[in-house]
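Enquirer: This is target_1.csv, which holds CSV, C-alpha atoms:
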chain,number,residue,atom,x,y,z
A,13,ILE,CA,208.4,92.2,-63.2
A,14,ALA,CA,206.7,94.2,-65.9
A,15,SER,CA,205.6,97.6,-65.1
A,16,ILE,CA,202.2,97.6,-63.3
A,17,GLY,CA,201.3,101.1,-64.3
A,18,THR,CA,201.3,104.3,-62.4
A,19,ILE,CA,199.5,103.0,-59.4
A,20,SER,CA,202.6,103.4,-57.2
A,21,ASN,CA,206.3,104.3,-57.8
A,22,ALA,CA,207.3,101.5,-55.5
A,23,LEU,CA,205.4,98.9,-57.5
A,24,ASP,CA,207.0,100.2,-60.7
A,25,THR,CA,210.4,99.5,-59.3
A,26,ALA,CA,209.7,96.1,-57.7
A,27,GLN,CA,212.0,93.4,-59.0
A,28,LEU,CA,212.7,89.7,-58.4
A,29,GLU,CA,215.8,88.9,-56.5
A,30,LEU,CA,217.6,85.6,-56.1
A,31,SER,CA,216.6,85.4,-52.4
A,32,ASP,CA,212.9,85.4,-53.6
A,33,PHE,CA,213.3,81.9,-54.9
A,34,ILE,CA,214.5,80.3,-51.7
A,35,ASP,CA,212.7,80.4,-48.4
A,36,LEU,CA,215.0,79.6,-45.4
A,37,ASP,CA,212.4,80.5,-42.8
A,38,LEU,CA,212.2,77.4,-40.8
A,39,GLY,CA,209.2,78.6,-38.8
A,40,ARG,CA,207.0,78.8,-41.9
A,41,ASN,CA,208.1,75.4,-43.2
A,42,TRP,CA,207.9,73.7,-39.8
A,43,GLY,CA,205.1,71.2,-40.7
A,44,THR,CA,207.1,69.9,-43.7
A,45,LEU,CA,210.3,69.9,-41.7
A,46,THR,CA,208.9,68.0,-38.8
A,47,SER,CA,207.9,65.1,-41.0
A,48,LEU,CA,211.4,65.2,-42.5
A,49,SER,CA,213.0,65.4,-39.1
A,50,ALA,CA,210.8,62.5,-37.8
A,51,SER,CA,212.0,60.2,-40.6
A,52,LEU,CA,215.6,61.3,-40.0
A,53,GLY,CA,215.1,60.8,-36.3
A,54,LEU,CA,214.2,57.2,-36.9
A,55,PHE,CA,217.3,56.8,-38.9
A,56,ALA,CA,219.5,58.6,-36.4
A,57,SER,CA,218.0,57.5,-33.1
A,58,LYS,CA,221.3,57.6,-31.1
A,59,SER,CA,223.3,60.6,-30.3
A,60,VAL,CA,225.7,62.3,-32.8
A,61,ALA,CA,228.7,60.8,-31.1
A,62,ALA,CA,227.3,57.3,-31.3
A,63,ASN,CA,226.5,57.8,-35.0
A,64,ALA,CA,230.0,59.1,-35.7
A,65,PHE,CA,231.4,56.0,-33.9
A,66,SER,CA,229.2,53.7,-36.0
A,67,LEU,CA,230.3,55.4,-39.2
A,68,LEU,CA,234.0,54.8,-38.2
A,69,ARG,CA,233.2,51.2,-37.4
A,70,LEU,CA,231.4,50.9,-40.7
A,71,SER,CA,234.3,52.4,-42.6
A,72,SER,CA,236.8,50.0,-41.0
A,73,SER,CA,234.6,47.0,-41.9
A,74,VAL,CA,233.6,48.1,-45.4
A,75,GLY,CA,236.7,50.0,-46.4
A,76,THR,CA,237.4,53.6,-46.8
A,77,THR,CA,236.5,53.9,-50.5
A,78,THR,CA,233.2,52.3,-50.0
A,79,ALA,CA,232.5,54.5,-46.9
A,80,ARG,CA,233.4,57.6,-48.9
A,81,ARG,CA,231.0,56.5,-51.7
A,82,MET,CA,228.2,55.9,-49.2
A,83,VAL,CA,228.8,59.3,-47.6
A,84,ALA,CA,228.9,60.9,-51.1
A,85,THR,CA,225.7,59.1,-52.1
A,86,ALA,CA,224.0,60.2,-48.9
A,87,ALA,CA,225.2,63.8,-49.5
A,88,VAL,CA,223.9,63.7,-53.1
A,89,LEU,CA,220.5,62.3,-52.0
A,90,ILE,CA,220.2,64.9,-49.3
A,91,GLY,CA,221.2,67.6,-51.8
A,92,ALA,CA,218.8,66.3,-54.4
A,93,GLY,CA,216.0,66.2,-51.8
A,94,SER,CA,216.8,69.8,-50.8
A,95,VAL,CA,216.8,71.0,-54.4
A,96,PHE,CA,213.5,69.1,-55.1
A,97,TYR,CA,211.9,70.7,-52.0
A,98,ILE,CA,213.1,74.2,-53.0
A,99,VAL,CA,211.8,73.7,-56.6
A,100,SER,CA,208.5,72.3,-55.5
A,101,ASP,CA,208.0,75.2,-53.0
A,102,MET,CA,209.3,77.9,-55.3
A,103,ASP,CA,206.0,79.2,-56.7
A,104,ALA,CA,204.5,79.7,-53.2
A,105,THR,CA,207.8,81.2,-52.0
A,106,VAL,CA,208.0,83.7,-54.8
A,107,ARG,CA,204.4,84.8,-54.3
A,108,ARG,CA,204.7,85.1,-50.5
A,109,LYS,CA,208.0,87.0,-50.7
A,110,LEU,CA,206.8,89.4,-53.4
A,111,ALA,CA,203.6,90.0,-51.5
A,112,GLN,CA,205.5,90.8,-48.4
A,113,ARG,CA,207.9,93.2,-50.2
A,114,VAL,CA,205.0,94.9,-52.1
A,115,ALA,CA,203.1,95.3,-48.8
A,116,LEU,CA,206.2,96.8,-47.1
A,117,MET,CA,206.8,99.1,-50.1
A,118,LEU,CA,203.2,100.4,-50.1
A,119,ASP,CA,203.2,100.8,-46.4
A,120,ALA,CA,206.5,102.8,-46.5
A,121,GLU,CA,205.1,104.9,-49.3
A,122,GLY,CA,201.8,105.7,-47.4
A,123,PHE,CA,199.9,104.3,-50.4
A,124,VAL,CA,196.7,103.4,-48.5
A,125,GLU,CA,196.5,106.6,-46.5
A,126,HIS,CA,197.1,108.8,-49.6
A,127,HIS,CA,194.6,107.0,-51.8
A,128,ALA,CA,192.0,106.8,-49.0
A,129,GLU,CA,192.2,110.6,-48.6
A,130,ARG,CA,192.1,111.1,-52.4
A,131,LEU,CA,189.1,108.8,-52.8
A,132,THR,CA,187.3,110.6,-49.9
A,133,THR,CA,187.9,113.9,-51.5
A,134,GLU,CA,186.8,112.7,-55.0
A,135,ALA,CA,183.7,111.0,-53.6
A,136,SER,CA,182.9,114.2,-51.7
A,137,ARG,CA,183.2,116.2,-54.9
A,138,ALA,CA,181.1,113.7,-56.8
A,139,ILE,CA,178.4,113.6,-54.2
A,140,ARG,CA,178.3,117.4,-53.4
A,141,PRO,CA,176.0,118.4,-56.4
A,142,PHE,CA,173.5,115.6,-55.7
A,143,ALA,CA,173.5,116.4,-52.0
A,144,TRP,CA,172.9,120.1,-52.8
A,145,HIS,CA,170.1,119.1,-55.2
A,146,LEU,CA,168.5,116.9,-52.5
A,147,GLN,CA,168.8,119.5,-49.9
A,148,HIS,CA,167.4,122.2,-52.2
A,149,ASN,CA,164.5,120.0,-53.2
A,150,PHE,CA,163.8,119.1,-49.5
A,151,GLN,CA,163.9,122.8,-48.6
A,152,ARG,CA,161.5,123.6,-51.4
A,153,MET,CA,159.1,120.8,-50.2
A,154,VAL,CA,159.3,122.1,-46.6
A,155,GLU,CA,158.6,125.7,-47.8
A,156,ALA,CA,155.7,124.5,-50.0
A,157,GLU,CA,154.2,122.6,-47.0
A,158,GLU,CA,154.6,125.6,-44.8
A,159,HIS,CA,152.9,127.7,-47.4
A,160,LYS,CA,150.0,125.2,-47.7
A,161,ARG,CA,149.7,125.2,-43.9
A,162,ALA,CA,149.6,129.0,-43.8
A,163,ASP,CA,147.0,129.0,-46.5
A,164,HIS,CA,145.0,126.4,-44.7
A,165,LEU,CA,145.2,128.4,-41.4
A,166,HIS,CA,144.2,131.6,-43.2
A,167,ARG,CA,141.2,129.9,-44.9
A,168,ARG,CA,140.2,128.3,-41.6
A,169,ARG,CA,140.4,131.7,-39.8
A,170,ALA,CA,138.4,133.3,-42.7
A,171,ALA,CA,135.8,130.5,-42.5
A,172,GLN,CA,135.5,130.9,-38.7
A,173,ASP,CA,135.1,134.7,-39.1
A,174,SER,CA,132.5,134.1,-41.8
A,175,GLN,CA,130.7,131.6,-39.6
A,176,ILE,CA,130.7,134.1,-36.7
A,177,TYR,CA,129.5,136.9,-39.1
A,178,PHE,CA,126.7,134.8,-40.6
A,179,ASP,CA,125.7,133.5,-37.1
A,180,GLU,CA,125.4,137.1,-35.9
A,181,LEU,CA,123.6,138.0,-39.1
A,182,ARG,CA,121.1,135.1,-38.6
A,183,ALA,CA,120.6,136.2,-35.0
A,184,LYS,CA,119.8,139.7,-36.1
A,185,ALA,CA,117.6,138.4,-38.9
A,186,GLN,CA,115.7,136.3,-36.4
A,187,GLU,CA,115.4,139.3,-34.1
A,188,LEU,CA,114.1,141.4,-37.0
A,189,ALA,CA,111.7,138.7,-38.0
A,190,LEU,CA,110.4,138.5,-34.5
A,191,ALA,CA,110.1,142.2,-34.3
A,192,VAL,CA,108.2,142.2,-37.7
A,193,GLN,CA,105.9,139.5,-36.4
A,194,SER,CA,105.2,141.3,-33.2
A,195,ILE,CA,104.4,144.5,-35.2
A,196,THR,CA,102.0,142.6,-37.5
A,197,ALA,CA,100.5,140.9,-34.5
A,198,ASP,CA,99.8,144.3,-32.9
A,199,LEU,CA,98.0,145.6,-35.9
Written as structure tokens, that's how I'd like the structure from this file.
Expert:
Amino acid sequence: IASIGTISNALDTAQLELSDFIDLDLGRNWGTLTSLSASLGLFASKSVAANAFSLLRLSSSVGTTTARRMVATAAVLIGAGSVFYIVSDMDATVRRKLAQRVALMLDAEGFVEHHAERLTTEASRAIRPFAWHLQHNFQRMVEAEEHKRADHLHRRRAAQDSQIYFDELRAKAQELALAVQSITADL
């Protein structure tokens, strides 16, 4: 495999091995093998001992050379079928085995944990100035609102005091006006 880069040391050293081309995991290939075994089961419906006895009987009636040729032909067909199956499944097998090996390498290296921590730290560093800026602007807005509220309360108190003063002044002016009217009425 060509070098992937400096993502991971394990990935830089990943190589193909001969065992990556052949998958002998019968559990994974069970669906394919069951159809193959069903067709072979129809061919070999009796027990192994009965098949061996039939083969001996066939070799005595056909001749040893012909029986050997038939066995050799069957072995060649089975071998060719196996090679064809291995070659047809090779692409998926190589991908699956490399994916498993790379996942194990990255897990053993702690790749995900390390890079998650690194990304968290870098994201925090990148966000910190913007968060400070938002917090600072919000604090200034709150202080401006508090200042406006304090100004409003101060003006309201001043207006109430002015209202009280002018109400008292009006009351005195009315008293004085009544007093002046009473003096002019007495004269």
Enquirer: One number please: atom CA of A:Leu118 to atom CA of A:Ser31, in Å, one decimal.
Expert: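 Here the two named atoms are 20.2 Å from each other.
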Enquirer: Please measure the separation of atom CA of A:Ala143 and atom CA of A:Phe123, giving the value in Å to one decimal.
Expert: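 According to the coordinates, atom CA of A:Ala143 and atom CA of A:Phe123 are separated by 29.1 Å.
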Enquirer: For a test of reading the model, state the distance in Å between atom CA of A:Ile98 and atom CA of A:Arg81, rounded to one decimal.
Expert: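 Taking atom CA of A:Ile98 as the start and atom CA of A:Arg81 as the end point, the length is 25.2 Å.
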Enquirer: Using all atoms listed in the file, which of A:Asp32, A:Glu187, A:Glu180, A:Glu158 sits nearest A:Arg107?
Expert: A:Asp32
